[in-house]
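The structure under discussion appears below in the form of C-alpha cells.
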Amino acid sequence: MNKKMNRRDFLRLSAMTIGGMALAACAPAATEAPKATEAPKAEPTKAAPPTATPRPVEQPTNTPVPTAVASKEPPILAAKVASGELPALGERLPDVPLTLKPVNTTGKYGGRFKMAHWWHAGGAAAGMYGHSPLRWVDDGLGVAPGHVESWSANADNTEWTLNFRKGMKWSDGSPCTTADVMYWWNDMVLDVDHTDQVPSEFPAIGGVLPVFTAKDDYTLTIKFPKPSPLTAKRLAMWVNGQIGYKWIVPSAFAKKFNPKYNSEYKDYVEHDRKIDYKQTPECPVLTAWMLKEFKEGEFSTWERNPYYYCVDTEGNQLPYVDGMDIKASPDAQFFILQVSQGSVSWEVYTYQLTLGDIATLKESEEKGNYEIRFWDTGSGTGMMYFWNYDEKDDKKRELFRNPKYKQAVSFAIDRPTIQRIVYYDTGTPTTGSMSPKAFEFNFNADAQAHYEKFRTLCVDYNPDKAKSLLDEIGMKDADGDGWRELPDGTKFEFKVDIGADAAGEVIKVLEITQKNWKDIGLNVIINQIPPADFGPSWRAGQLDFRTAWEVGDGPDHLLYPSWVVPDETERWAPLCGQLRLQAGTDKANSEKEISPWDRQPPRFNVDDPQYKGTPIEKLHALYDQAIYEVDEMKRMELVWQMNEIHMTDGPYFLGTVCNTPRIIIVSKDLDNVPTRDQLKMGGFCNPWIIPYPAITNPETFSFKNV
C-alpha cells in the first residue's frame with residue numbers, strides 16, 4: 001500500500017459515512033481525477049490482462065464537488081422547450097441538483113449507446129443510480145448524496161433523518177416527494193396482500209419494525225427500536241428499484257393499478273407489472289434514461305429523462321448521451337460478434353466472457369474500434385465451492401461439519417494451475433473470504449494480517465497433507481477399489497452439485513478440481529441438476545456440495561453478511577438461515593416433533609441439537625451484537641471474531657483465486673469511461689451492492705465526436 005489507513009483516518013471516514021453527513025451544498029464525485037492517461041496497449045500476441053491489485057492502494061477520500069447551478073440542457077430538450085412540449089430547465093430540476101464530475105472532461109451532448117448483454121433491459125436498469133437515496137463513491141470507500149440531498153443521525157443512531165431534494169420530479173413531470181417512499185413502505189411492504197417483504201436492510205428487531213414518518217414532502221425519518229449504525233451504507237446499497245429493494249415508487253402512477261385505490265383491479269399483478277420500469281415504458285423513473293420500447297429476450301430502447309436531477313460541474317444537465325439501444329445477447333459467441341463488429345459502445349456486464357476470450361477480442365480491436373480494459377472484480381474467491389452444512393443425511397452432515405475434512409478438500413485444490421489456466425496468472429490464490437477490499441481487512445496493519453491469515457489458511461496445494469487429514473478422520477480405502485469410504489466403511493461419493501446450464505469459468509475450474517480430488521482418493525461425481533430444481537433441493541438439505549458461485553461482497557462484512565453468517569437459505573447453511581428468516585413469526589420454534597428437513601419450510605429450531613451449541617449459533621450471537629454496535633472499531637473486532645470461527649471450524653466455503661480482473665469493453669469514440677487507474681481501488685465490480693456501472697456515473701460518459 002502507498003499509505004496505510006490509521007485509526008484516526010478510519011474514524012474520520014466512519015464519521016463521514018456513518019455519523020450522519022450534512023451535505024446540502026455538496027454533491028458526490030470521485031476525488032480530483034488525474035489527467036486521463038491510457039494504459040499502454042498490449043501487443044496483439046499478448047492475451048493476458050494485468051495482475052489485479054488485491055486490496056486498496058490509497059487512503060480513501062470522498063471529496064464533495066461544489067454544487068453547480070443548472071444552466072444548460074441538451075439541444076434536443078431545448079427544442080422541446082421552445083415548442084412548448086417541455087417546461088424550462090429551471091422548472092424541471094430540483095432547487096439543488098446533484099452535481100457529478102466527469103472523470104476526464106466536460107462531455108458533448110448527443111449520440112446513442114449501442115449495447116449487447118444477456119439481461120438487456122434489466123442490465124440497463126441495474127446499472128443506473130437514480131432511485132437510490134444515497135450513493136457509493138470511491139469504489140465503496142465513501143457514501144454521498146443521491147436523490148436525498150443530506151442526512152443525519154441522532155447520537156445513538158436510532159433515528160435517521162433524510163432530506164429530499166426540493167422540486168425533484170419524476171420523468172413524467174410529477175413531483176417526487178416522501179409520499180413515494182411512504183407508498184412503498186405502507187402500501188407494499190406492510191400490506192399483507194402485497195408480495196413485497198420487509199428488506200433485510202430494515203429488519204424487525206425483537207418483532208418491532210422501524211417506523212417511517214414523512215414529516216413533510218421533503219423530510220423523512222426512520223426510527224429504529226435499537227441502534228442502526230449501518231443505515232447510511234444500507235441506503236447506498238444496490239440501485240434501488242430493481243436490485244435489492246424498491247425504496248421509492250411513483251405513487252400517483254402506481255395507485256391507478258392498486259386494488260386499494262382502484263376497484264377495477266382485484267390483485268397486484270398488473271400493479272407490479274406497471275411499476276417495473278425495465279419492462280413498462282409508461283412507468284415514471286428517476287434514472288438518467290427511461291425505457292421507450294421493450295421486447296422480452298430481444299431488445300430494449302431507452303431515451304434520456306428530461307427531468308433527471310443531475311448536472312455536471314458546469315451546470316449542464318445530464319446525461320450527455322441521448323439514449324441506449326440494447327440487444328439481448330444469448331451467449332458469448334453472439335456478444336463477441338457484436339463487439340468485433342463495433343456494435344457495442346461499452347459493456348461492464350461481461351459475465352458471458354472468460355479471460356480466455358481476450359485473444360479473440362484483441363484480434364478485432366481495430367476493426368471494431370474498441371479497446372479492452374480491466375477493472376478489479378473485488379472477488380474474495382473467484383470460482384468457489386461450498387458444502388451444505390445442513391445436509392439431511394446424518395453421516396454426510398457429520399463429515400461436512402468436520403474441519404479436517406474441509407481442510408483436506410481445500411489442500412487438494414491446485415490453485416496455481418487454476419490461476420495459470422483459468423485466470424491467466426492474475427489475481428491471488430485464496431482459501432476464500434469476503435472481498436479483500438473490505439474495510440475489515442484494510443483499515444490498519446492488524447486488519448491486513450487478519451486477512452492474510454484467512455486467505456492463506458488452507459491455500460497451499462498439498463495433496464499429501466490432504467491425504468493425511470482424511471486418514472486422521474478415518475476416511476480410507478477399506479475395500480481396495482481406489483476410493484475412500486466414510487469412517488464407518490460406508491461407500492462415499494464426493495458429489496458436486498451443479499446447474500445443468502453451467503458453462504465457461506465454472507467448467508474450466510471444475511475440470512481441474514475434479515482431478516485434484518480424485519487424486520486424493522475421493523470418488524467425484526458431477527451431479528447436474530435442472531436450474532428450476534436446484535434451489536428447492538438445496539434449501540431442503542438434499543444436495544451436498546455446490547459451485548457456480550463467487551463471493552464478492554463488501555465493502556463491509558455486515559451489509560450483506562450471508563457468506564459470513566447464515567441469514568437466508570441459498571448459501572452454505574440453508575436450514576440455519578431459514579431459522580433466522582422465521583424469527584419473530586408464528587413459525588419460529590414450531591413443529592418441534594417433526595424432523596427439521598420435513599418442516600415447512602425446512603429449518604432448524606433454536607433448541608435442535610443440529611443447531612444449539614454449534615459454531616453457527618455463535619455466529620448468530622456475534623452478528624446480533626455487531627449490527628447494533630455504534631463504535632466502528634468494536635464492530636470490526638466482532639467481525640474478526642466471526643471470521644475466526646470460519647478459520648477454526650470451517651472453512652465453510654472454498655475459494656480458488658481472488659480479485660481477478662473483469663473485462664470491460666469501451667469504444668474508442670467514447671470518453672469519461674474510467675480506466676482502472678482512475679478508479680479509487682482499481683474497481684470493485686462483482687458485488688451487486690456496489691452497483692457497477694452506476695458507481696462510475698455512466699450519465700457522464702460521452703461521445704468525442706457528435
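As shown in the C-alpha cells, the chain order sets the letters A, B, ...; within each chain, residues go from 1, and ligands are also counted from 1 in the order they appear.
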* For Gln279 in chain A, work out the shell of residues within 10 Å, counting only C-alpha atoms and skipping chain neighbours fewer than 3 positions away, then give it as a PyMOL selection string. => chain A and resi 121-122+125+273-276+282-283+291-296+300
Go ahead and save the residues from that selection, with N, CA and C atoms, as an mmCIF file, in the first residue's frame.
```cif
data_model
loop_
_atom_site.group_PDB
_atom_site.id
_atom_site.type_symbol
_atom_site.label_atom_id
_atom_site.label_comp_id
_atom_site.auth_asym_id
_atom_site.auth_seq_id
_atom_site.Cartn_x
_atom_site.Cartn_y
_atom_site.Cartn_z
ATOM 1 N N ALA A 121 -32.681 -5.089 -20.880
ATOM 2 C CA ALA A 121 -33.351 -4.022 -20.129
ATOM 3 C C ALA A 121 -33.027 -4.092 -18.645
ATOM 4 N N GLY A 122 -32.955 -5.299 -18.092
ATOM 5 C CA GLY A 122 -32.631 -5.438 -16.679
ATOM 6 C C GLY A 122 -31.244 -4.932 -16.362
ATOM 7 N N ALA A 125 -31.274 -1.106 -16.274
ATOM 8 C CA ALA A 125 -31.886 -0.588 -15.047
ATOM 9 C C ALA A 125 -30.992 -0.832 -13.837
ATOM 10 N N ARG A 273 -46.563 -5.173 -12.516
ATOM 11 C CA ARG A 273 -46.054 -5.091 -13.888
ATOM 12 C C ARG A 273 -45.880 -3.636 -14.311
ATOM 13 N N LYS A 274 -46.828 -2.812 -13.956
ATOM 14 C CA LYS A 274 -46.786 -1.413 -14.372
ATOM 15 C C LYS A 274 -45.628 -0.644 -13.732
ATOM 16 N N ILE A 275 -45.266 -0.975 -12.483
ATOM 17 C CA ILE A 275 -44.203 -0.212 -11.833
ATOM 18 C C ILE A 275 -42.818 -0.810 -12.082
ATOM 19 N N ASP A 276 -42.755 -1.864 -12.891
ATOM 20 C CA ASP A 276 -41.464 -2.436 -13.265
ATOM 21 C C ASP A 276 -40.923 -1.655 -14.458
ATOM 22 N N GLU A 282 -44.279 3.265 -19.778
ATOM 23 C CA GLU A 282 -45.038 4.389 -19.221
ATOM 24 C C GLU A 282 -44.755 4.640 -17.745
ATOM 25 N N CYS A 283 -44.002 3.757 -17.088
ATOM 26 C CA CYS A 283 -43.706 3.961 -15.668
ATOM 27 C C CYS A 283 -42.724 5.108 -15.490
ATOM 28 N N LEU A 291 -37.152 3.900 -20.232
ATOM 29 C CA LEU A 291 -37.482 2.901 -21.240
ATOM 30 C C LEU A 291 -38.485 3.446 -22.245
ATOM 31 N N LYS A 292 -38.202 3.207 -23.524
ATOM 32 C CA LYS A 292 -39.132 3.599 -24.592
ATOM 33 C C LYS A 292 -39.800 2.383 -25.208
ATOM 34 N N GLU A 293 -39.026 1.307 -25.418
ATOM 35 C CA GLU A 293 -39.572 0.104 -26.050
ATOM 36 C C GLU A 293 -38.862 -1.115 -25.488
ATOM 37 N N PHE A 294 -39.629 -2.195 -25.312
ATOM 38 C CA PHE A 294 -39.074 -3.406 -24.718
ATOM 39 C C PHE A 294 -39.690 -4.631 -25.369
ATOM 40 N N LYS A 295 -38.839 -5.583 -25.738
ATOM 41 C CA LYS A 295 -39.316 -6.871 -26.232
ATOM 42 C C LYS A 295 -38.492 -7.957 -25.555
ATOM 43 N N GLU A 296 -39.161 -8.755 -24.760
ATOM 44 C CA GLU A 296 -38.511 -9.770 -23.939
ATOM 45 C C GLU A 296 -37.586 -10.644 -24.775
ATOM 46 N N SER A 300 -34.148 -3.700 -25.998
ATOM 47 C CA SER A 300 -34.806 -2.607 -25.292
ATOM 48 C C SER A 300 -34.210 -1.298 -25.790
#
```
* **Surrounding residues of Ile473 in chain A excluding itself and chain neighbours under 5 positions, 10 Å, only C-alpha atoms, as a ChimeraX atom specification** => /A:399,402,404-405,468,486-487
Write out, as a tab-separated table (two decimals), in the first residue's frame, the residues just selected, with C-alpha atoms.
```
chain	number	residue	atom	x	y	z
A	399	LEU	CA	-18.47	-35.20	7.60
A	402	ASN	CA	-15.71	-31.74	10.26
A	404	LYS	CA	-10.34	-31.63	8.94
A	405	TYR	CA	-12.39	-32.96	6.05
A	468	SER	CA	-3.10	-37.29	5.89
A	486	LEU	CA	-16.72	-42.89	5.18
A	487	PRO	CA	-15.18	-43.53	8.62
```
* Asked: Out of range 381-618 of chain A, which residues get strand (DSSP E) from DSSP, as a VMD selection string?
  -> chain A and resid 384 to 387 428 to 429 494 to 499 524 to 529 545 to 549
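The residue set within 10 Å of Asn672 in chain A, counting only C-alpha atoms and dropping same-chain residues fewer than 3 places from it, reads Ala36, Lys101, Pro102, Val103, Asn104, Thr105, Thr106, Gly107, Thr675, Thr696, Asn697, Pro698, Glu699, Thr700, Phe701, Ser702, Phe703 and Lys704 of chain A.
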* as a VMD selection string, please: all residues of range 401-565 of chain A that backbone DSSP puts in alpha helix (DSSP H). => chain A and resid 403 to 411 415 to 421 445 to 455 463 to 472 505 to 519 531 to 539
* Can you list, as a ChimeraX atom specification, every protein, DNA or RNA residue that comes within 10 Å of Ile529 in chain A when you count only C-alpha atoms, leaving out same-chain residues fewer than 2 positions away? -> /A:497-502,526-527,531-535,537
Dump C-alpha atoms for the selected residues as an mmCIF file, in the first residue's frame?
```
data_model
loop_
_atom_site.group_PDB
_atom_site.id
_atom_site.type_symbol
_atom_site.label_atom_id
_atom_site.label_comp_id
_atom_site.auth_asym_id
_atom_site.auth_seq_id
_atom_site.Cartn_x
_atom_site.Cartn_y
_atom_site.Cartn_z
ATOM 1 C CA ASP A 497 -23.910 -30.295 -7.464
ATOM 2 C CA ILE A 498 -24.068 -28.007 -10.481
ATOM 3 C CA GLY A 499 -26.777 -26.434 -12.594
ATOM 4 C CA ALA A 500 -27.246 -28.086 -15.971
ATOM 5 C CA ASP A 501 -26.730 -24.703 -17.637
ATOM 6 C CA ALA A 502 -23.285 -24.091 -16.117
ATOM 7 C CA ILE A 526 -20.739 -34.403 -11.086
ATOM 8 C CA ASN A 527 -24.446 -34.051 -10.345
ATOM 9 C CA PRO A 531 -31.878 -24.917 -12.724
ATOM 10 C CA ALA A 532 -35.529 -24.834 -11.657
ATOM 11 C CA ASP A 533 -34.998 -27.785 -9.305
ATOM 12 C CA PHE A 534 -31.734 -26.643 -7.782
ATOM 13 C CA GLY A 535 -32.970 -24.071 -5.264
ATOM 14 C CA SER A 537 -33.439 -29.153 -3.307
#
```
* To one decimal in Å, tell me the separation between CA of Tyr218 in chain A and CA of Asn163 in chain A. =>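 For CA of Tyr218 in chain A relative to CA of Asn163 in chain A, the distance reads 5.7 Å.
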* Using only C-alpha atoms, find the one residue out of A:Thr99, A:Gly650, A:Gly123, A:Trp247 that sits nearest to Tyr349 in chain A. =>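 Of A:Thr99, A:Gly650, A:Gly123, A:Trp247, the one nearest Tyr349 in chain A is A:Gly123, counting only C-alpha atoms.
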Per-residue nearest contacts range 606-700 of chain A to range 427-439 of chain A, cut-off 9 Å, using only C-alpha atoms, as CSV:
```
residue,atom,partner,partner_atom,distance
A:Met636,CA,A:Phe439,CA,8.5
A:Asn643,CA,A:Ser433,CA,8.6
A:Pro651,CA,A:Thr431,CA,8.0
A:Phe653,CA,A:Gly432,CA,6.6
A:Leu654,CA,A:Gly432,CA,5.1
A:Gly655,CA,A:Gly432,CA,3.8
A:Thr656,CA,A:Thr430,CA,5.5
A:Val657,CA,A:Pro429,CA,4.2
A:Cys658,CA,A:Thr428,CA,5.2
A:Asn659,CA,A:Gly427,CA,5.1
A:Thr660,CA,A:Gly427,CA,4.4
A:Pro661,CA,A:Gly427,CA,7.3
A:Met681,CA,A:Lys437,CA,8.0
A:Phe684,CA,A:Lys437,CA,7.8
A:Pro687,CA,A:Ser435,CA,8.9
```
* Between A:Glu617, A:Glu363, A:Glu644, A:Asp139, which is the closest to Asp677 in chain A once you count only C-alpha atoms? -> A:Asp139
* So what do you get for CA of Gly173 in chain A versus CA of Lys114 in chain A, distance-wise? -> 27.5 Å
* Asked: Using only C-alpha atoms, which residues sit within 12 Å of Ser667 in chain A once same-chain residues fewer than 3 positions away are excluded, as a PyMOL selection string?
  -> chain A and resi 113-115+339-347+365-373+664+670-673+701-704
